[in-house]
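Working notes for the structure below.
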Amino acid sequence: MSTKRFSKSPDLSAALARDKAAALKLVAVSRETVERLDAFVALLLQWQATTNLIAPSTLAELWTRHIADSLQLLGLAQPNGIWVDLGSGGGFPGLPIALAIPPGDGEVHLVERNGKKAAFLREALRVTKTAGAVHHQEIADFVDSFSPTPDYITARALAPLKVLIDLSAPLILRGAKALFLKGQDVVAELTEATKYWTLRHNLHPSLTSQGSFVVEILGIEQRGSARPKKS
């Protein structure tokens, strides 16, 4: 990782300040959590100069579009327990969740196959003094080798819903609840997924993006006898 520092322009700094205020109206977090989120944002902006962690066009909306979007999942869960975030990328939704969980109340496992992004995730946990684990491996390999039963599985902007269910099925069948952030194509994705899986699920409108949703999957049953292919 380059040591080059990221210098925010005055316009970006002002936009981020406004966006932070808007985000904190959408999701209630403690002062300590805000301090950890501030440290995370500063680190992300620094790494963004050399590593594409999020789309550059979304930097000014980092707090609402990425952080609050992630934190809304806590409204559908208890913070304590084991969380598994699939394809964490730049940290969403898993890192904001880890930053918001009171110390000792839960553990978050961040799964990321890209080496540079996995390194960023480790550094973010270190800088913010947040407990968590980064797994630099393919999702299918992680699922096959992860022995604890997670309480929650999360994913955002990773893959179509059917693929997400295929990947996480072993964990959901063991009792995990899945919370997948999806966009406006969610109905089509549900239609496709239900060709292969019977789902016990709820659909929750997003708090941060009109037309987007959180798919809450409470249980699944495979249709037919064929095992899902690893994706």
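Chains: A, B, ... in order of the structure tokens. Residues: from 1 per chain. Ligands: from 1, in order shown.
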(request) For Ala178 (chain A), list every protein, DNA or RNA residue within 12 Å, evaluated using only C-alpha atoms, and leave out those in the same chain fewer than 4 positions away; present the list as a ChimeraX atom specification. (result) /A:73,76-77,83-86,150-156,161,164-165,167-174,199-203,214-220
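When DSSP is run on the backbone, the residues of region 36-116 of chain A that fall into strand (DSSP E or B) are Gly81, Ile82, Trp83, Val84, Asp85, Leu86, Gly106, Glu107, Val108, His109, Leu110 and Val111 of chain A.
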(request) Would you kindly return, as a list in words, each protein, DNA or RNA residue with an atom no farther than 8 Å from any atom of region 37-44 of chain A, considering only C-alpha atoms and excluding same-chain residues fewer than 2 positions away? (result) Thr33, Val34, Glu35, Gln46, Trp47, Gln48, Leu53, Gly90, Pro96, Leu99, Ala124, Val127 and Thr128 of chain A
(request) Apply DSSP to the backbone of this structure and, from region 7-194 of chain A, keep only the residues in alpha helix (DSSP H); write these as a PyMOL selection string. (result) chain A and resi 10-26+31-48+69-71+94-100+115-127+139-145+161-173+186-193
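Counting only C-alpha atoms and comparing A:Thr198, A:Asn114, A:Gln210, A:Gln78, the residue that lies closest to Ile101 (chain A) is A:Gln78.
Closest approach to Ser13 (chain A) among A:Trp197, A:Thr51, A:Val27, A:Ala60 is made by A:Ala60 (distances from only C-alpha atoms).
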(request) Pick out the residues sitting within 9 Å of Leu24 (chain A), and hand them over as number ranges by chain; count only C-alpha atoms, and ignore anything fewer than 5 positions along from it in its own chain. (result) A: 19, 29, 34, 63-64, 68
Residues from the last selection, C-alpha atoms, saved as a tab-separated table (two decimals), in the first residue's frame:
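Contents of selection_18.tsv, as written:
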chain	number	residue	atom	x	y	z
A	19	ASP	CA	-23.84	13.72	3.98
A	29	VAL	CA	-25.43	5.06	16.59
A	34	VAL	CA	-19.30	7.74	15.17
A	63	TRP	CA	-22.03	8.28	4.62
A	64	THR	CA	-25.56	7.79	3.26
A	68	ALA	CA	-25.99	4.19	6.55
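With CA of Asp166 (chain A) on one side and CA of Leu179 (chain A) on the other, the separation reads 14.3 Å.
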(message) Using only C-alpha atoms, can you tell me which of A:Ala159, A:Gly87, A:Gly183, A:Thr50 comes closest to Ile139 (chain A)?
(response)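 For Ile139 (chain A), the nearest of the given residues is A:Gly87.
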(request) Record the distance separating CA of Gly94 (chain A) and CA of Ala55 (chain A), expressed in Å with one decimal. (result) 17.5 Å
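Shortest atom-to-atom contact with Leu158 (chain A) among A:Val111, A:Ala188, A:Val143, A:Ala119: A:Val111, counting only C-alpha atoms.
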(request) Give the answer as one residue: which of A:Arg18, A:Asn80, A:Arg36, A:Val163 has the shortest atom-to-atom distance to Arg126 (chain A), using only C-alpha atoms? (result)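 Of all the options, A:Arg36 lies closest to Arg126 (chain A).
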(request) Have a look at CA of Thr191 (chain A) and CA of Ala157 (chain A) and let me know their distance in Å, one decimal. (result)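 Calculated distance between CA of Thr191 (chain A) and CA of Ala157 (chain A) is 18.2 Å.
The list of residues with at least one atom within 9 Å of Ser206 (chain A), based on only C-alpha atoms and without residues fewer than 6 positions apart in the same chain, reads Asp69, Gln72, Leu181, Lys182, Gly183, Ser212, Phe213 and Val214 of chain A.
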Could you write those residues out with N, CA and C atoms, as an mmCIF file, in the first residue's frame?
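Ended up saving to selection.cif:
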data_model
loop_
_atom_site.group_PDB
_atom_site.id
_atom_site.type_symbol
_atom_site.label_atom_id
_atom_site.label_comp_id
_atom_site.auth_asym_id
_atom_site.auth_seq_id
_atom_site.Cartn_x
_atom_site.Cartn_y
_atom_site.Cartn_z
ATOM 1 N N ASP A 69 -26.432 2.829 4.590
ATOM 2 C CA ASP A 69 -27.018 1.704 3.868
ATOM 3 C C ASP A 69 -26.644 0.385 4.534
ATOM 4 N N GLN A 72 -28.283 0.001 8.324
ATOM 5 C CA GLN A 72 -29.713 -0.275 8.442
ATOM 6 C C GLN A 72 -29.986 -1.750 8.726
ATOM 7 N N LEU A 181 -28.648 -6.822 0.665
ATOM 8 C CA LEU A 181 -29.045 -5.514 0.144
ATOM 9 C C LEU A 181 -29.161 -5.611 -1.374
ATOM 10 N N LYS A 182 -30.349 -5.282 -1.898
ATOM 11 C CA LYS A 182 -30.592 -5.426 -3.331
ATOM 12 C C LYS A 182 -31.225 -4.159 -3.887
ATOM 13 N N GLY A 183 -31.102 -3.992 -5.213
ATOM 14 C CA GLY A 183 -31.613 -2.804 -5.880
ATOM 15 C C GLY A 183 -32.986 -3.010 -6.484
ATOM 16 N N SER A 212 -34.856 0.520 -3.561
ATOM 17 C CA SER A 212 -33.991 -0.583 -3.168
ATOM 18 C C SER A 212 -34.586 -1.297 -1.961
ATOM 19 N N PHE A 213 -34.050 -2.488 -1.656
ATOM 20 C CA PHE A 213 -34.650 -3.327 -0.623
ATOM 21 C C PHE A 213 -33.591 -4.123 0.132
ATOM 22 N N VAL A 214 -33.998 -4.586 1.309
ATOM 23 C CA VAL A 214 -33.250 -5.603 2.029
ATOM 24 C C VAL A 214 -34.053 -6.894 1.939
#
